[in-house]
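**Student:** Below is a structure I'd like to ask you about.
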Amino acid sequence: MTGSDAGEGHWRKVYRETGADAVSWYEAEPSASLEALARAGVSGARSFVDVGGGASRLVDQLLDRGWSDLTVVDIASEALAVSQQRLGERAHGVNWLAVDISAWTPSRSFQIWHDRAVFHFMTEPEQRAGYKTALRLGTREGSLAIFATFALTGPERCSGLPVRRYDARALAAEFSDHFELLDSWQDDHVTPSGRVQPFLWSVLKRSA
Ligand SMILES: C[S@@+](CC[C@H](N)C(=O)[O-])C[C@H]1O[C@@H](n2cnc3c(N)ncnc32)[C@H](O)[C@@H]1O
């Protein structure tokens, strides 16, 4: 599969044809993300961006907890539409952006950058370079970046696309120019069809 096959068209088709509740990364409760926020010591509301947030229910949970500065970015407008419909009126309290993260130029920064299962699709150096530019512009000193990527024992592909798997050292090395690794751990995700996918979770802090 080439880079262009792996772009917007691919992801929009996945959400249209498979449905947001049947994709392998679906979770009824974003418990691993909430645990990551707790492990990172985040107890109250912060400015927050869910990068490649898809149709995740994390934003619902954060709204429930009184968070008000929320942005969800995804290349697939279909995925954002699912969340908007689910949230109804509450969707107006969230900033939704249908953009390619590797070509995004954020015009503001966030205290928390959250990425569950997106960076590992950046298999080309140019994609990772674009992503890192967005991350640098979208964070500031003290910002936390939370990543969930497939662990080294995780699947080699997801959604028909190749992924790069990481251990903590390799993930930290990707962002070492501006971030230090605070914590990392593994967590298994169970897909709707019952397959177990080992994830590496990492919390990084922006140094400068
Ligand atoms: C495996 S899914 C994870 C979705 C969500 N983070 C979650 O935990 O449910 C990957 C998501 O990244 C989005 N995505 C893939 N490539 C992207 C890119 N270059 N820019 C923005 N979003 C992207 C896809 O549309 C999809 O929603």
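Here's how to read the names in the structure tokens: chain A, B, ... by the order shown, residue numbers from 1 in each chain, ligand numbers from 1 in the order shown.
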Step by step, measure atom-to-atom distances between ligand 1 and each residue using only C-alpha atoms and all ligand atoms, keep those at most 7 Å, then write them as an MDAnalysis selection string.
**Tutor:** chainID A and resid 7 11:12 25:27 51:56 73:76 79 99:102 115:118 121
**Student:** Hey, what's within 12 Å of Tyr166 of chain A if we count only C-alpha atoms and toss same-chain stuff fewer than 2 positions away? As a PDB file with all heavy atoms, in the first residue's frame, please?
**Tutor:**
ATOM      1  N   ALA A 117      -2.952   5.593  18.843  1.00  0.00           N
ATOM      2  CA  ALA A 117      -2.907   4.775  17.623  1.00  0.00           C
ATOM      3  C   ALA A 117      -2.925   5.576  16.332  1.00  0.00           C
ATOM      4  O   ALA A 117      -3.620   5.213  15.372  1.00  0.00           O
ATOM      5  CB  ALA A 117      -4.044   3.754  17.638  1.00  0.00           C
ATOM      6  N   PHE A 119       0.263   7.974  15.545  1.00  0.00           N
ATOM      7  CA  PHE A 119       1.671   8.171  15.153  1.00  0.00           C
ATOM      8  C   PHE A 119       2.268   6.898  14.557  1.00  0.00           C
ATOM      9  O   PHE A 119       3.114   6.965  13.671  1.00  0.00           O
ATOM     10  CB  PHE A 119       2.495   8.650  16.355  1.00  0.00           C
ATOM     11  CG  PHE A 119       3.932   8.927  16.021  1.00  0.00           C
ATOM     12  CD1 PHE A 119       4.283  10.001  15.206  1.00  0.00           C
ATOM     13  CD2 PHE A 119       4.951   8.099  16.492  1.00  0.00           C
ATOM     14  CE1 PHE A 119       5.611  10.249  14.870  1.00  0.00           C
ATOM     15  CE2 PHE A 119       6.278   8.346  16.166  1.00  0.00           C
ATOM     16  CZ  PHE A 119       6.606   9.423  15.359  1.00  0.00           C
ATOM     17  N   HIS A 120       1.797   5.733  15.023  1.00  0.00           N
ATOM     18  CA  HIS A 120       2.427   4.515  14.493  1.00  0.00           C
ATOM     19  C   HIS A 120       2.119   4.278  13.013  1.00  0.00           C
ATOM     20  O   HIS A 120       2.762   3.444  12.374  1.00  0.00           O
ATOM     21  CB  HIS A 120       2.132   3.287  15.372  1.00  0.00           C
ATOM     22  CG  HIS A 120       0.719   2.835  15.483  1.00  0.00           C
ATOM     23  ND1 HIS A 120       0.290   2.011  16.503  1.00  0.00           N
ATOM     24  CD2 HIS A 120      -0.381   3.061  14.713  1.00  0.00           C
ATOM     25  CE1 HIS A 120      -0.993   1.735  16.342  1.00  0.00           C
ATOM     26  NE2 HIS A 120      -1.422   2.371  15.274  1.00  0.00           N
ATOM     27  N   PHE A 121       1.160   5.021  12.453  1.00  0.00           N
ATOM     28  CA  PHE A 121       0.918   4.927  11.003  1.00  0.00           C
ATOM     29  C   PHE A 121       1.903   5.771  10.194  1.00  0.00           C
ATOM     30  O   PHE A 121       1.912   5.702   8.971  1.00  0.00           O
ATOM     31  CB  PHE A 121      -0.508   5.379  10.663  1.00  0.00           C
ATOM     32  CG  PHE A 121      -1.563   4.396  11.089  1.00  0.00           C
ATOM     33  CD1 PHE A 121      -2.389   4.660  12.163  1.00  0.00           C
ATOM     34  CD2 PHE A 121      -1.719   3.193  10.421  1.00  0.00           C
ATOM     35  CE1 PHE A 121      -3.352   3.752  12.574  1.00  0.00           C
ATOM     36  CE2 PHE A 121      -2.677   2.271  10.816  1.00  0.00           C
ATOM     37  CZ  PHE A 121      -3.498   2.555  11.895  1.00  0.00           C
ATOM     38  N   MET A 122       2.684   6.588  10.875  1.00  0.00           N
ATOM     39  CA  MET A 122       3.639   7.466  10.172  1.00  0.00           C
ATOM     40  C   MET A 122       4.891   6.634   9.850  1.00  0.00           C
ATOM     41  O   MET A 122       5.881   6.684  10.580  1.00  0.00           O
ATOM     42  CB  MET A 122       4.001   8.674  11.038  1.00  0.00           C
ATOM     43  CG  MET A 122       2.809   9.443  11.590  1.00  0.00           C
ATOM     44  SD  MET A 122       2.030  10.490  10.358  1.00  0.00           S
ATOM     45  CE  MET A 122       0.314  10.423  10.840  1.00  0.00           C
ATOM     46  N   THR A 123       4.810   5.888   8.778  1.00  0.00           N
ATOM     47  CA  THR A 123       5.912   4.977   8.446  1.00  0.00           C
ATOM     48  C   THR A 123       6.991   5.669   7.604  1.00  0.00           C
ATOM     49  O   THR A 123       8.106   5.190   7.521  1.00  0.00           O
ATOM     50  CB  THR A 123       5.390   3.744   7.687  1.00  0.00           C
ATOM     51  OG1 THR A 123       4.624   4.199   6.569  1.00  0.00           O
ATOM     52  CG2 THR A 123       4.515   2.874   8.586  1.00  0.00           C
ATOM     53  N   PHE A 147       1.161   9.279  24.159  1.00  0.00           N
ATOM     54  CA  PHE A 147       1.138   8.459  22.944  1.00  0.00           C
ATOM     55  C   PHE A 147       0.770   7.026  23.275  1.00  0.00           C
ATOM     56  O   PHE A 147       1.287   6.459  24.251  1.00  0.00           O
ATOM     57  CB  PHE A 147       2.528   8.418  22.288  1.00  0.00           C
ATOM     58  CG  PHE A 147       2.907   9.685  21.597  1.00  0.00           C
ATOM     59  CD1 PHE A 147       3.655  10.653  22.261  1.00  0.00           C
ATOM     60  CD2 PHE A 147       2.519   9.921  20.289  1.00  0.00           C
ATOM     61  CE1 PHE A 147       4.006  11.833  21.628  1.00  0.00           C
ATOM     62  CE2 PHE A 147       2.869  11.099  19.646  1.00  0.00           C
ATOM     63  CZ  PHE A 147       3.614  12.057  20.318  1.00  0.00           C
ATOM     64  N   ALA A 148      -0.091   6.439  22.453  1.00  0.00           N
ATOM     65  CA  ALA A 148      -0.297   4.986  22.482  1.00  0.00           C
ATOM     66  C   ALA A 148       0.028   4.473  21.084  1.00  0.00           C
ATOM     67  O   ALA A 148      -0.635   4.852  20.107  1.00  0.00           O
ATOM     68  CB  ALA A 148      -1.726   4.650  22.851  1.00  0.00           C
ATOM     69  N   THR A 149       1.074   3.668  20.993  1.00  0.00           N
ATOM     70  CA  THR A 149       1.451   3.051  19.715  1.00  0.00           C
ATOM     71  C   THR A 149       1.436   1.543  19.919  1.00  0.00           C
ATOM     72  O   THR A 149       1.487   1.066  21.058  1.00  0.00           O
ATOM     73  CB  THR A 149       2.876   3.450  19.291  1.00  0.00           C
ATOM     74  OG1 THR A 149       3.793   2.934  20.274  1.00  0.00           O
ATOM     75  CG2 THR A 149       3.042   4.959  19.204  1.00  0.00           C
ATOM     76  N   PHE A 150       1.413   0.791  18.846  1.00  0.00           N
ATOM     77  CA  PHE A 150       1.583  -0.642  19.014  1.00  0.00           C
ATOM     78  C   PHE A 150       2.958  -0.903  19.617  1.00  0.00           C
ATOM     79  O   PHE A 150       3.957  -0.280  19.221  1.00  0.00           O
ATOM     80  CB  PHE A 150       1.467  -1.375  17.674  1.00  0.00           C
ATOM     81  CG  PHE A 150       0.046  -1.580  17.215  1.00  0.00           C
ATOM     82  CD1 PHE A 150      -0.230  -1.799  15.879  1.00  0.00           C
ATOM     83  CD2 PHE A 150      -1.019  -1.579  18.109  1.00  0.00           C
ATOM     84  CE1 PHE A 150      -1.535  -1.998  15.437  1.00  0.00           C
ATOM     85  CE2 PHE A 150      -2.328  -1.775  17.678  1.00  0.00           C
ATOM     86  CZ  PHE A 150      -2.580  -1.988  16.339  1.00  0.00           C
ATOM     87  N   ALA A 151       2.982  -1.830  20.592  1.00  0.00           N
ATOM     88  CA  ALA A 151       4.249  -2.252  21.199  1.00  0.00           C
ATOM     89  C   ALA A 151       4.997  -3.157  20.215  1.00  0.00           C
ATOM     90  O   ALA A 151       4.451  -3.554  19.170  1.00  0.00           O
ATOM     91  CB  ALA A 151       3.945  -3.009  22.490  1.00  0.00           C
ATOM     92  N   LEU A 152       6.227  -3.507  20.548  1.00  0.00           N
ATOM     93  CA  LEU A 152       7.024  -4.362  19.649  1.00  0.00           C
ATOM     94  C   LEU A 152       6.349  -5.710  19.422  1.00  0.00           C
ATOM     95  O   LEU A 152       6.539  -6.339  18.385  1.00  0.00           O
ATOM     96  CB  LEU A 152       8.433  -4.560  20.217  1.00  0.00           C
ATOM     97  CG  LEU A 152       9.313  -3.306  20.281  1.00  0.00           C
ATOM     98  CD1 LEU A 152      10.700  -3.659  20.797  1.00  0.00           C
ATOM     99  CD2 LEU A 152       9.401  -2.607  18.921  1.00  0.00           C
ATOM    100  N   THR A 153       5.534  -6.140  20.391  1.00  0.00           N
ATOM    101  CA  THR A 153       4.808  -7.404  20.250  1.00  0.00           C
ATOM    102  C   THR A 153       3.419  -7.203  19.639  1.00  0.00           C
ATOM    103  O   THR A 153       2.634  -8.147  19.542  1.00  0.00           O
ATOM    104  CB  THR A 153       4.638  -8.059  21.646  1.00  0.00           C
ATOM    105  OG1 THR A 153       4.095  -7.063  22.528  1.00  0.00           O
ATOM    106  CG2 THR A 153       5.963  -8.560  22.192  1.00  0.00           C
ATOM    107  N   GLY A 154       3.106  -5.978  19.248  1.00  0.00           N
ATOM    108  CA  GLY A 154       1.795  -5.667  18.662  1.00  0.00           C
ATOM    109  C   GLY A 154       1.737  -6.064  17.198  1.00  0.00           C
ATOM    110  O   GLY A 154       2.739  -6.519  16.616  1.00  0.00           O
ATOM    111  N   PRO A 155       0.575  -5.883  16.575  1.00  0.00           N
ATOM    112  CA  PRO A 155       0.411  -6.248  15.170  1.00  0.00           C
ATOM    113  C   PRO A 155       1.314  -5.425  14.254  1.00  0.00           C
ATOM    114  O   PRO A 155       1.670  -4.287  14.582  1.00  0.00           O
ATOM    115  CB  PRO A 155      -1.054  -5.917  14.885  1.00  0.00           C
ATOM    116  CG  PRO A 155      -1.701  -5.742  16.202  1.00  0.00           C
ATOM    117  CD  PRO A 155      -0.646  -5.333  17.168  1.00  0.00           C
ATOM    118  N   GLU A 156       1.651  -6.003  13.097  1.00  0.00           N
ATOM    119  CA  GLU A 156       2.483  -5.278  12.134  1.00  0.00           C
ATOM    120  C   GLU A 156       1.645  -4.367  11.244  1.00  0.00           C
ATOM    121  O   GLU A 156       2.173  -3.502  10.552  1.00  0.00           O
ATOM    122  CB  GLU A 156       3.252  -6.275  11.265  1.00  0.00           C
ATOM    123  CG  GLU A 156       4.308  -7.009  12.056  1.00  0.00           C
ATOM    124  CD  GLU A 156       5.029  -8.055  11.218  1.00  0.00           C
ATOM    125  OE1 GLU A 156       4.845  -8.091   9.984  1.00  0.00           O
ATOM    126  OE2 GLU A 156       5.771  -8.836  11.824  1.00  0.00           O
ATOM    127  N   VAL A 163       2.359  -0.473  10.082  1.00  0.00           N
ATOM    128  CA  VAL A 163       2.636   0.452  11.191  1.00  0.00           C
ATOM    129  C   VAL A 163       4.091   0.279  11.621  1.00  0.00           C
ATOM    130  O   VAL A 163       4.729  -0.716  11.300  1.00  0.00           O
ATOM    131  CB  VAL A 163       1.716   0.191  12.414  1.00  0.00           C
ATOM    132  CG1 VAL A 163       0.264   0.362  12.061  1.00  0.00           C
ATOM    133  CG2 VAL A 163       1.969  -1.175  13.013  1.00  0.00           C
ATOM    134  N   ARG A 164       4.582   1.263  12.356  1.00  0.00           N
ATOM    135  CA  ARG A 164       5.886   1.157  13.032  1.00  0.00           C
ATOM    136  C   ARG A 164       5.610   0.872  14.495  1.00  0.00           C
ATOM    137  O   ARG A 164       4.856   1.614  15.123  1.00  0.00           O
ATOM    138  CB  ARG A 164       6.653   2.480  12.931  1.00  0.00           C
ATOM    139  CG  ARG A 164       7.564   2.579  11.734  1.00  0.00           C
ATOM    140  CD  ARG A 164       8.002   4.007  11.563  1.00  0.00           C
ATOM    141  NE  ARG A 164       9.061   4.379  12.503  1.00  0.00           N
ATOM    142  CZ  ARG A 164      10.355   4.300  12.223  1.00  0.00           C
ATOM    143  NH1 ARG A 164      10.760   3.847  11.071  1.00  0.00           N
ATOM    144  NH2 ARG A 164      11.252   4.695  13.115  1.00  0.00           N
ATOM    145  N   ALA A 168       9.779   1.831  24.522  1.00  0.00           N
ATOM    146  CA  ALA A 168       9.824   3.154  25.139  1.00  0.00           C
ATOM    147  C   ALA A 168      11.031   3.958  24.657  1.00  0.00           C
ATOM    148  O   ALA A 168      10.938   5.168  24.410  1.00  0.00           O
ATOM    149  CB  ALA A 168       9.848   3.010  26.658  1.00  0.00           C
ATOM    150  N   ARG A 169      12.162   3.256  24.489  1.00  0.00           N
ATOM    151  CA  ARG A 169      13.377   3.979  24.100  1.00  0.00           C
ATOM    152  C   ARG A 169      13.243   4.570  22.694  1.00  0.00           C
ATOM    153  O   ARG A 169      13.601   5.718  22.444  1.00  0.00           O
ATOM    154  CB  ARG A 169      14.575   3.032  24.183  1.00  0.00           C
ATOM    155  CG  ARG A 169      15.896   3.764  24.208  1.00  0.00           C
ATOM    156  CD  ARG A 169      16.952   2.953  24.854  1.00  0.00           C
ATOM    157  NE  ARG A 169      17.085   1.652  24.168  1.00  0.00           N
ATOM    158  CZ  ARG A 169      18.237   1.047  23.937  1.00  0.00           C
ATOM    159  NH1 ARG A 169      19.346   1.616  24.312  1.00  0.00           N
ATOM    160  NH2 ARG A 169      18.299  -0.111  23.343  1.00  0.00           N
ATOM    161  N   ALA A 170      12.699   3.774  21.779  1.00  0.00           N
ATOM    162  CA  ALA A 170      12.559   4.250  20.391  1.00  0.00           C
ATOM    163  C   ALA A 170      11.543   5.389  20.303  1.00  0.00           C
ATOM    164  O   ALA A 170      11.740   6.356  19.562  1.00  0.00           O
ATOM    165  CB  ALA A 170      12.145   3.087  19.498  1.00  0.00           C
ATOM    166  N   LEU A 171      10.473   5.269  21.085  1.00  0.00           N
ATOM    167  CA  LEU A 171       9.455   6.332  21.053  1.00  0.00           C
ATOM    168  C   LEU A 171      10.052   7.623  21.611  1.00  0.00           C
ATOM    169  O   LEU A 171       9.902   8.701  21.018  1.00  0.00           O
ATOM    170  CB  LEU A 171       8.233   5.861  21.850  1.00  0.00           C
ATOM    171  CG  LEU A 171       6.881   6.571  21.719  1.00  0.00           C
ATOM    172  CD1 LEU A 171       6.822   7.830  22.551  1.00  0.00           C
ATOM    173  CD2 LEU A 171       6.509   6.875  20.266  1.00  0.00           C
ATOM    174  N   ALA A 172      10.760   7.506  22.734  1.00  0.00           N
ATOM    175  CA  ALA A 172      11.367   8.696  23.345  1.00  0.00           C
ATOM    176  C   ALA A 172      12.381   9.326  22.394  1.00  0.00           C
ATOM    177  O   ALA A 172      12.473  10.562  22.289  1.00  0.00           O
ATOM    178  CB  ALA A 172      12.028   8.318  24.666  1.00  0.00           C
ATOM    179  N   ALA A 173      13.118   8.489  21.669  1.00  0.00           N
ATOM    180  CA  ALA A 173      14.137   9.008  20.745  1.00  0.00           C
ATOM    181  C   ALA A 173      13.499   9.820  19.615  1.00  0.00           C
ATOM    182  O   ALA A 173      14.070  10.813  19.148  1.00  0.00           O
ATOM    183  CB  ALA A 173      14.952   7.847  20.165  1.00  0.00           C
ATOM    184  N   GLU A 174      12.299   9.435  19.196  1.00  0.00           N
ATOM    185  CA  GLU A 174      11.617  10.182  18.120  1.00  0.00           C
ATOM    186  C   GLU A 174      11.397  11.648  18.508  1.00  0.00           C
ATOM    187  O   GLU A 174      11.395  12.527  17.657  1.00  0.00           O
ATOM    188  CB  GLU A 174      10.243   9.550  17.812  1.00  0.00           C
ATOM    189  CG  GLU A 174      10.297   8.227  17.093  1.00  0.00           C
ATOM    190  CD  GLU A 174      10.659   8.375  15.622  1.00  0.00           C
ATOM    191  OE1 GLU A 174      10.601   9.502  15.095  1.00  0.00           O
ATOM    192  OE2 GLU A 174      11.015   7.343  15.019  1.00  0.00           O
ATOM    193  N   SER A 184       6.216   5.184  30.919  1.00  0.00           N
ATOM    194  CA  SER A 184       5.694   4.337  29.837  1.00  0.00           C
ATOM    195  C   SER A 184       5.306   2.982  30.406  1.00  0.00           C
ATOM    196  O   SER A 184       5.868   2.549  31.415  1.00  0.00           O
ATOM    197  CB  SER A 184       6.713   4.200  28.704  1.00  0.00           C
ATOM    198  OG  SER A 184       7.790   3.417  29.135  1.00  0.00           O
ATOM    199  N   TRP A 185       4.354   2.341  29.773  1.00  0.00           N
ATOM    200  CA  TRP A 185       3.858   1.050  30.237  1.00  0.00           C
ATOM    201  C   TRP A 185       3.132   0.377  29.073  1.00  0.00           C
ATOM    202  O   TRP A 185       2.847   1.005  28.059  1.00  0.00           O
ATOM    203  CB  TRP A 185       2.908   1.224  31.426  1.00  0.00           C
ATOM    204  CG  TRP A 185       1.645   1.977  31.131  1.00  0.00           C
ATOM    205  CD1 TRP A 185       0.422   1.466  30.813  1.00  0.00           C
ATOM    206  CD2 TRP A 185       1.490   3.412  31.103  1.00  0.00           C
ATOM    207  NE1 TRP A 185      -0.479   2.479  30.586  1.00  0.00           N
ATOM    208  CE2 TRP A 185       0.146   3.677  30.762  1.00  0.00           C
ATOM    209  CE3 TRP A 185       2.356   4.490  31.326  1.00  0.00           C
ATOM    210  CZ2 TRP A 185      -0.356   4.982  30.633  1.00  0.00           C
ATOM    211  CZ3 TRP A 185       1.857   5.792  31.204  1.00  0.00           C
ATOM    212  CH2 TRP A 185       0.520   6.024  30.865  1.00  0.00           C
ATOM    213  N   GLN A 186       2.861  -0.910  29.242  1.00  0.00           N
ATOM    214  CA  GLN A 186       2.113  -1.613  28.205  1.00  0.00           C
ATOM    215  C   GLN A 186       0.686  -1.884  28.666  1.00  0.00           C
ATOM    216  O   GLN A 186       0.432  -2.061  29.859  1.00  0.00           O
ATOM    217  CB  GLN A 186       2.798  -2.935  27.869  1.00  0.00           C
ATOM    218  CG  GLN A 186       4.011  -2.710  26.976  1.00  0.00           C
ATOM    219  CD  GLN A 186       4.363  -3.939  26.144  1.00  0.00           C
ATOM    220  OE1 GLN A 186       3.529  -4.789  25.865  1.00  0.00           O
ATOM    221  NE2 GLN A 186       5.613  -4.021  25.745  1.00  0.00           N
ATOM    222  N   PRO A 198      -1.232  -5.598  21.961  1.00  0.00           N
ATOM    223  CA  PRO A 198      -0.383  -4.938  22.963  1.00  0.00           C
ATOM    224  C   PRO A 198       0.016  -3.518  22.515  1.00  0.00           C
ATOM    225  O   PRO A 198       0.571  -3.337  21.429  1.00  0.00           O
ATOM    226  CB  PRO A 198       0.853  -5.836  23.046  1.00  0.00           C
ATOM    227  CG  PRO A 198       0.463  -7.115  22.372  1.00  0.00           C
ATOM    228  CD  PRO A 198      -0.554  -6.741  21.342  1.00  0.00           C
ATOM    229  N   PHE A 199      -0.288  -2.568  23.360  1.00  0.00           N
ATOM    230  CA  PHE A 199       0.052  -1.162  23.109  1.00  0.00           C
ATOM    231  C   PHE A 199       1.146  -0.708  24.075  1.00  0.00           C
ATOM    232  O   PHE A 199       1.188  -1.138  25.232  1.00  0.00           O
ATOM    233  CB  PHE A 199      -1.165  -0.265  23.356  1.00  0.00           C
ATOM    234  CG  PHE A 199      -2.029  -0.042  22.143  1.00  0.00           C
ATOM    235  CD1 PHE A 199      -2.997  -0.965  21.786  1.00  0.00           C
ATOM    236  CD2 PHE A 199      -1.885   1.092  21.365  1.00  0.00           C
ATOM    237  CE1 PHE A 199      -3.803  -0.759  20.679  1.00  0.00           C
ATOM    238  CE2 PHE A 199      -2.682   1.314  20.249  1.00  0.00           C
ATOM    239  CZ  PHE A 199      -3.644   0.382  19.901  1.00  0.00           C
ATOM    240  N   LEU A 200       1.980   0.201  23.586  1.00  0.00           N
ATOM    241  CA  LEU A 200       2.913   0.929  24.445  1.00  0.00           C
ATOM    242  C   LEU A 200       2.309   2.304  24.708  1.00  0.00           C
ATOM    243  O   LEU A 200       2.004   3.038  23.760  1.00  0.00           O
ATOM    244  CB  LEU A 200       4.265   1.109  23.741  1.00  0.00           C
ATOM    245  CG  LEU A 200       5.240   2.028  24.480  1.00  0.00           C
ATOM    246  CD1 LEU A 200       5.891   1.282  25.640  1.00  0.00           C
ATOM    247  CD2 LEU A 200       6.307   2.582  23.536  1.00  0.00           C
ATOM    248  N   TRP A 201       2.137   2.631  25.970  1.00  0.00           N
ATOM    249  CA  TRP A 201       1.682   3.982  26.342  1.00  0.00           C
ATOM    250  C   TRP A 201       2.878   4.773  26.859  1.00  0.00           C
ATOM    251  O   TRP A 201       3.693   4.233  27.622  1.00  0.00           O
ATOM    252  CB  TRP A 201       0.599   3.899  27.426  1.00  0.00           C
ATOM    253  CG  TRP A 201      -0.731   3.494  26.872  1.00  0.00           C
ATOM    254  CD1 TRP A 201      -1.151   2.221  26.596  1.00  0.00           C
ATOM    255  CD2 TRP A 201      -1.806   4.360  26.490  1.00  0.00           C
ATOM    256  NE1 TRP A 201      -2.414   2.249  26.069  1.00  0.00           N
ATOM    257  CE2 TRP A 201      -2.847   3.544  25.997  1.00  0.00           C
ATOM    258  CE3 TRP A 201      -1.997   5.745  26.511  1.00  0.00           C
ATOM    259  CZ2 TRP A 201      -4.052   4.074  25.533  1.00  0.00           C
ATOM    260  CZ3 TRP A 201      -3.193   6.266  26.053  1.00  0.00           C
ATOM    261  CH2 TRP A 201      -4.203   5.440  25.566  1.00  0.00           C
ATOM    262  N   SER A 202       2.970   6.022  26.463  1.00  0.00           N
ATOM    263  CA  SER A 202       4.094   6.866  26.883  1.00  0.00           C
ATOM    264  C   SER A 202       3.588   8.255  27.233  1.00  0.00           C
ATOM    265  O   SER A 202       2.707   8.795  26.542  1.00  0.00           O
ATOM    266  CB  SER A 202       5.117   7.014  25.754  1.00  0.00           C
ATOM    267  OG  SER A 202       5.517   5.759  25.257  1.00  0.00           O
TER     268      SER A 202
END
**Student:** Enumerate the residues of segment 7-204 of chain A with a DSSP assignment of strand (DSSP E), computed from the backbone, and present them as a PyMOL selection string.
**Tutor:** chain A and resi 48-51+70-73+94-97+112-116+144-150+157-158+161-162+179-190+196-204
**Student:** Determine the nearest neighbour of Glu124 of chain A from the options A:Pro106, A:Ala6, A:Ser193, A:Val203, counting only C-alpha atoms.
**Tutor:**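 Answer, going by the shortest atom-to-atom distance: A:Ala6.
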**Student:** Calculated over only C-alpha atoms, which of the candidates A:Asp64, A:Glu29, A:Glu180, A:Asp167 has the smallest distance to Gly142 of chain A?
**Tutor:**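 Selected residue with least distance to Gly142 of chain A: A:Glu180.
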**Student:** Choose the residue, out of A:His10, A:Arg65, A:Arg206, A:Arg108, that has the smallest atom-to-atom separation from Leu34 of chain A; count only C-alpha atoms.
**Tutor:**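 Ranking A:His10, A:Arg65, A:Arg206, A:Arg108 by distance to Leu34 of chain A, first place goes to A:Arg65.
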**Student:** Excluding segment 43-46 of chain A and its own-chain neighbours fewer than 3 positions away, which residues fall within 12 Å of it when counting only C-alpha atoms? Please give them as a compact mmCIF listing (two decimals) with N, CA and C atoms, in the first residue's frame.
**Tutor:**
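Output below, filename around07.txt:
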# COMPACT_ATOMS: atom_id res chain seq x y z
N LEU A 34 -7.88 7.53 29.95
CA LEU A 34 -8.16 8.16 31.24
C LEU A 34 -7.11 7.74 32.27
N GLU A 35 -6.68 6.48 32.17
CA GLU A 35 -5.64 6.02 33.09
C GLU A 35 -4.33 6.77 32.80
N ALA A 36 -4.06 7.00 31.52
CA ALA A 36 -2.83 7.72 31.16
C ALA A 36 -2.85 9.14 31.73
N LEU A 37 -4.01 9.79 31.66
CA LEU A 37 -4.11 11.15 32.23
C LEU A 37 -3.87 11.10 33.73
N ALA A 38 -4.44 10.08 34.38
CA ALA A 38 -4.24 9.95 35.84
C ALA A 38 -2.78 9.68 36.15
N ARG A 39 -2.16 8.78 35.40
CA ARG A 39 -0.75 8.46 35.64
C ARG A 39 0.14 9.67 35.40
N ALA A 40 -0.30 10.56 34.48
CA ALA A 40 0.48 11.76 34.19
C ALA A 40 0.24 12.85 35.25
N VAL A 49 -5.83 18.45 23.02
CA VAL A 49 -6.09 18.07 21.62
C VAL A 49 -5.97 16.57 21.49
N GLN A 61 -16.05 11.97 27.68
CA GLN A 61 -15.66 11.79 29.09
C GLN A 61 -15.04 13.07 29.65
N LEU A 62 -14.27 13.76 28.82
CA LEU A 62 -13.64 14.99 29.30
C LEU A 62 -14.69 16.09 29.47
N LEU A 63 -15.66 16.15 28.56
CA LEU A 63 -16.76 17.11 28.74
C LEU A 63 -17.50 16.80 30.04
N ASP A 64 -17.74 15.51 30.30
CA ASP A 64 -18.42 15.11 31.55
C ASP A 64 -17.66 15.60 32.77
N ARG A 65 -16.32 15.65 32.63
CA ARG A 65 -15.49 16.06 33.77
C ARG A 65 -15.28 17.58 33.82
N GLY A 66 -15.95 18.31 32.95
CA GLY A 66 -15.89 19.76 33.01
C GLY A 66 -14.78 20.40 32.19
N TRP A 67 -14.12 19.59 31.34
CA TRP A 67 -13.09 20.18 30.49
C TRP A 67 -13.79 21.00 29.39
N SER A 68 -13.24 22.17 29.08
CA SER A 68 -13.96 23.03 28.13
C SER A 68 -13.12 23.45 26.93
N ASP A 69 -11.82 23.27 26.98
CA ASP A 69 -10.96 23.67 25.85
C ASP A 69 -10.49 22.41 25.14
N LEU A 70 -11.39 21.87 24.28
CA LEU A 70 -11.15 20.57 23.67
C LEU A 70 -11.12 20.68 22.15
N THR A 71 -10.13 20.06 21.54
CA THR A 71 -10.02 20.02 20.08
C THR A 71 -9.83 18.57 19.64
N SER A 109 -1.26 26.53 21.02
CA SER A 109 -0.68 25.37 21.68
C SER A 109 -1.67 24.80 22.71
N PHE A 110 -1.42 23.57 23.09
CA PHE A 110 -2.29 22.85 24.02
C PHE A 110 -1.45 22.35 25.20
N GLN A 111 -2.09 22.26 26.36
CA GLN A 111 -1.37 21.70 27.52
C GLN A 111 -1.23 20.19 27.40
N ILE A 112 -2.20 19.57 26.74
CA ILE A 112 -2.13 18.11 26.57
C ILE A 112 -2.39 17.73 25.13
N TRP A 113 -1.45 16.96 24.60
CA TRP A 113 -1.53 16.38 23.25
C TRP A 113 -1.76 14.89 23.46
N HIS A 114 -2.84 14.36 22.89
CA HIS A 114 -3.16 12.93 23.09
C HIS A 114 -3.24 12.25 21.73
N SER A 143 3.99 21.32 28.40
CA SER A 143 2.90 20.51 27.83
C SER A 143 3.23 19.02 27.95
N LEU A 144 2.18 18.23 28.10
CA LEU A 144 2.35 16.77 28.13
C LEU A 144 1.89 16.19 26.79
**Student:** Quick check for you: according to DSSP on this backbone, which residues of chain A are classed as alpha helix (DSSP H)? Reply as a count of residues only.
**Tutor:** 57
